[in-house]
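Let me begin by presenting the structure, written as structure tokens, before commenting on it.
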Amino acid sequence: MAQHPAEPITPQIVAGVEEHLAALTTLRSTQRWLAALIALALVSQMTLYAAGRFGRLLDAAPPVVTSAPTSAPVSRPGTRPADMLERARAYSPQIRTAARITYAADLLVGTASALLLPMAMFVGVSVSLAGRLGGARSMIIGLFQALIIVLLLCPWHHWLELAALPIRGALCRFTEVDAALALPLEPGLAGAPELLRFLGLPFVTLLFLLAVTLRFRRGFRFALERVDPELRVRVI
């Protein structure tokens with residue numbers, strides 16, 4: 001009696017794993033949104049500080065504009081970067097108001113997102129272990145990196161009311177930046193602490209944030225391919 005060739009066995013997803021995989025997908029989307037909010041808060045504060053320090057767009061008093069004599073020919077506004085910068089300085093009060101609002105919003109949104117990020121990573125690890133999806137190792141490393149982000153990001157010196165605390169968070173208030181910009185940047189290594197405070201520390205935090213995102217992405221891809229090897233899709 002002729003035997004029919006055995007049909008190729010296709011990997012079947014175990015019952016109940018679909019829900020764990022769907023939950024992990026939702027957590028991955030949540031992690032990406034939280035990381036994007038933190039990155040937006042850091043980049044906006046770095047941009048405003050650089051504009052205030054190197055472009056003098058956050059000066060308390062706008063530059064004095066002297067009126068030209070009536071007999072002199074009226075010159076058209078130039079399009080050179082220097083001319084555009086001078087025109088932007090005329091709106092210094094409006095820029096300062098927008099910067100004050102931006103710093104307050106960044107501090108609120110960035111701090112809240114930083115506190116929620118380790119929670120999302122922890123739930124992702126729990127879902128991966130409960131559903132036996134795999135990839136928990138990468139997510140656990142990402143969880144500890146997210147906790148480091150909390151330590152780097154949150155303004156502990158404000159919460160603990162220790163104004164003399166030498167360590168500051170990557171997110172700051174507008175009053176701190178305004179007080180720093182009121183004084184000229186000291187030359188050489190003497191001005192390094194200010195640059196590290198407002199540019200270096202946020203940049204380091206962004207690197208940890210990128211590492212967290214890559215760790216979660218790696219764990220998610222491992223779980224996706226382990227559940228069903230046919231699902232070798234590109235995960236961004």
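We label chains A, B, ... in the order they appear in the structure tokens, count residues from 1 in each chain, and number ligands from 1 in the order shown.
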Go through region 149-225 of chain A and flag each residue having an atom no more than 12 Å from region 19-26 of chain A; for those, report the closest pair of atoms plus their distance in Å to one decimal, using only C-alpha atoms, ordered by chain and rising number, as a Markdown table.
| residue | atom | partner | partner_atom | distance |
| --- | --- | --- | --- | --- |
| A:Phe216 | CA | A:Leu24 | CA | 10.0 |
| A:Arg217 | CA | A:Thr25 | CA | 10.2 |
| A:Gly219 | CA | A:Leu24 | CA | 10.0 |
| A:Phe220 | CA | A:Leu24 | CA | 7.4 |
| A:Arg221 | CA | A:Thr25 | CA | 10.2 |
| A:Phe222 | CA | A:Leu21 | CA | 11.5 |
| A:Ala223 | CA | A:Leu21 | CA | 8.0 |
| A:Leu224 | CA | A:Leu21 | CA | 7.6 |
| A:Glu225 | CA | A:Leu21 | CA | 11.0 |
If you count only C-alpha atoms, which residues fall within 12 Å of region 96-105 of chain A, apart from same-chain ones fewer than 2 positions away, as a PyMOL selection string? chain A and resi 37-38+40-49+51-52+56-62+88-94+107-113+170-178
Residues just named, written with C-alpha atoms as an mmCIF file, in the first residue's frame:
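Dumped everything to selection25.cif:
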data_model
loop_
_atom_site.group_PDB
_atom_site.id
_atom_site.type_symbol
_atom_site.label_atom_id
_atom_site.label_comp_id
_atom_site.auth_asym_id
_atom_site.auth_seq_id
_atom_site.Cartn_x
_atom_site.Cartn_y
_atom_site.Cartn_z
ATOM 1 C CA LEU A 37 8.341 62.113 24.224
ATOM 2 C CA ILE A 38 11.511 61.986 26.317
ATOM 3 C CA LEU A 40 11.506 65.523 22.200
ATOM 4 C CA ALA A 41 11.757 67.108 25.652
ATOM 5 C CA LEU A 42 15.541 66.756 25.746
ATOM 6 C CA VAL A 43 16.145 67.970 22.196
ATOM 7 C CA SER A 44 13.885 71.007 22.626
ATOM 8 C CA GLN A 45 15.670 72.054 25.814
ATOM 9 C CA MET A 46 19.086 71.570 24.229
ATOM 10 C CA THR A 47 17.990 73.626 21.218
ATOM 11 C CA LEU A 48 16.654 76.479 23.330
ATOM 12 C CA TYR A 49 19.786 76.590 25.456
ATOM 13 C CA ALA A 51 19.901 79.384 20.837
ATOM 14 C CA GLY A 52 20.166 81.416 24.026
ATOM 15 C CA ARG A 56 21.419 85.336 22.314
ATOM 16 C CA LEU A 57 17.753 84.731 21.482
ATOM 17 C CA LEU A 58 16.795 84.476 25.174
ATOM 18 C CA ASP A 59 18.255 87.792 26.275
ATOM 19 C CA ALA A 60 16.149 89.520 28.905
ATOM 20 C CA ALA A 61 16.252 92.868 27.098
ATOM 21 C CA PRO A 62 15.913 93.126 23.319
ATOM 22 C CA ALA A 88 14.840 87.246 15.421
ATOM 23 C CA ARG A 89 16.359 88.993 18.442
ATOM 24 C CA ALA A 90 13.756 91.719 18.099
ATOM 25 C CA TYR A 91 11.170 89.163 19.258
ATOM 26 C CA SER A 92 13.094 88.309 22.421
ATOM 27 C CA PRO A 93 10.135 88.791 24.846
ATOM 28 C CA GLN A 94 7.930 86.474 22.791
ATOM 29 C CA LEU A 107 9.776 68.996 32.576
ATOM 30 C CA LEU A 108 6.263 67.654 33.129
ATOM 31 C CA VAL A 109 6.019 65.392 30.079
ATOM 32 C CA GLY A 110 9.633 64.202 30.234
ATOM 33 C CA THR A 111 9.508 63.333 33.932
ATOM 34 C CA ALA A 112 6.180 61.503 33.613
ATOM 35 C CA SER A 113 7.400 59.560 30.565
ATOM 36 C CA ALA A 170 18.981 66.318 32.454
ATOM 37 C CA LEU A 171 15.645 68.165 32.449
ATOM 38 C CA CYS A 172 15.795 71.627 33.941
ATOM 39 C CA ARG A 173 13.655 74.692 34.546
ATOM 40 C CA PHE A 174 13.731 77.915 32.604
ATOM 41 C CA THR A 175 14.951 79.808 35.663
ATOM 42 C CA GLU A 176 18.132 77.690 35.746
ATOM 43 C CA VAL A 177 18.874 78.360 32.095
ATOM 44 C CA ASP A 178 18.027 82.040 32.460
#
With a distance cut-off of 9 Å and only C-alpha atoms, select the neighbouring residues of Val150 (chain A), excluding the residue or stretch itself and same-chain residues fewer than 3 positions from it, and output the selection as a list in words.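 Within the cut-off, the hits are Thr111, Ala114, Leu115, Leu117, Pro118, Gln145, Ala146, Leu147, Leu153 and Cys154 of chain A.
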Which of A:Ala130, A:Ala39, A:Val125, A:Ala120 sits closest to Phe203 (chain A) [using only C-alpha atoms]: A:Ala39
CA of Ala36 (chain A) and CA of Ala180 (chain A), how far apart in Å?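 A separation of 27.5 Å between them.
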Distance CA of Ile149 (chain A)-CA of Leu129 (chain A), one decimal place?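 Atom-to-atom, CA of Ile149 (chain A) and CA of Leu129 (chain A) are spaced 23.9 Å apart.
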Looking only at the backbone, which of the residues in region 98-166 of chain A does DSSP tag as alpha helix (DSSP H), as a ChimeraX atom specification? /A:98-130,136-153,156-159
Quote the spacing between CA of Leu116 (chain A) and CA of Thr213 (chain A) in Å to one decimal place. 14.1 Å
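The smallest atom-to-atom distance between Glu186 (chain A) and any of A:Arg53, A:Leu34, A:Trp156, A:Asp106, using only C-alpha atoms, is found for A:Arg53.
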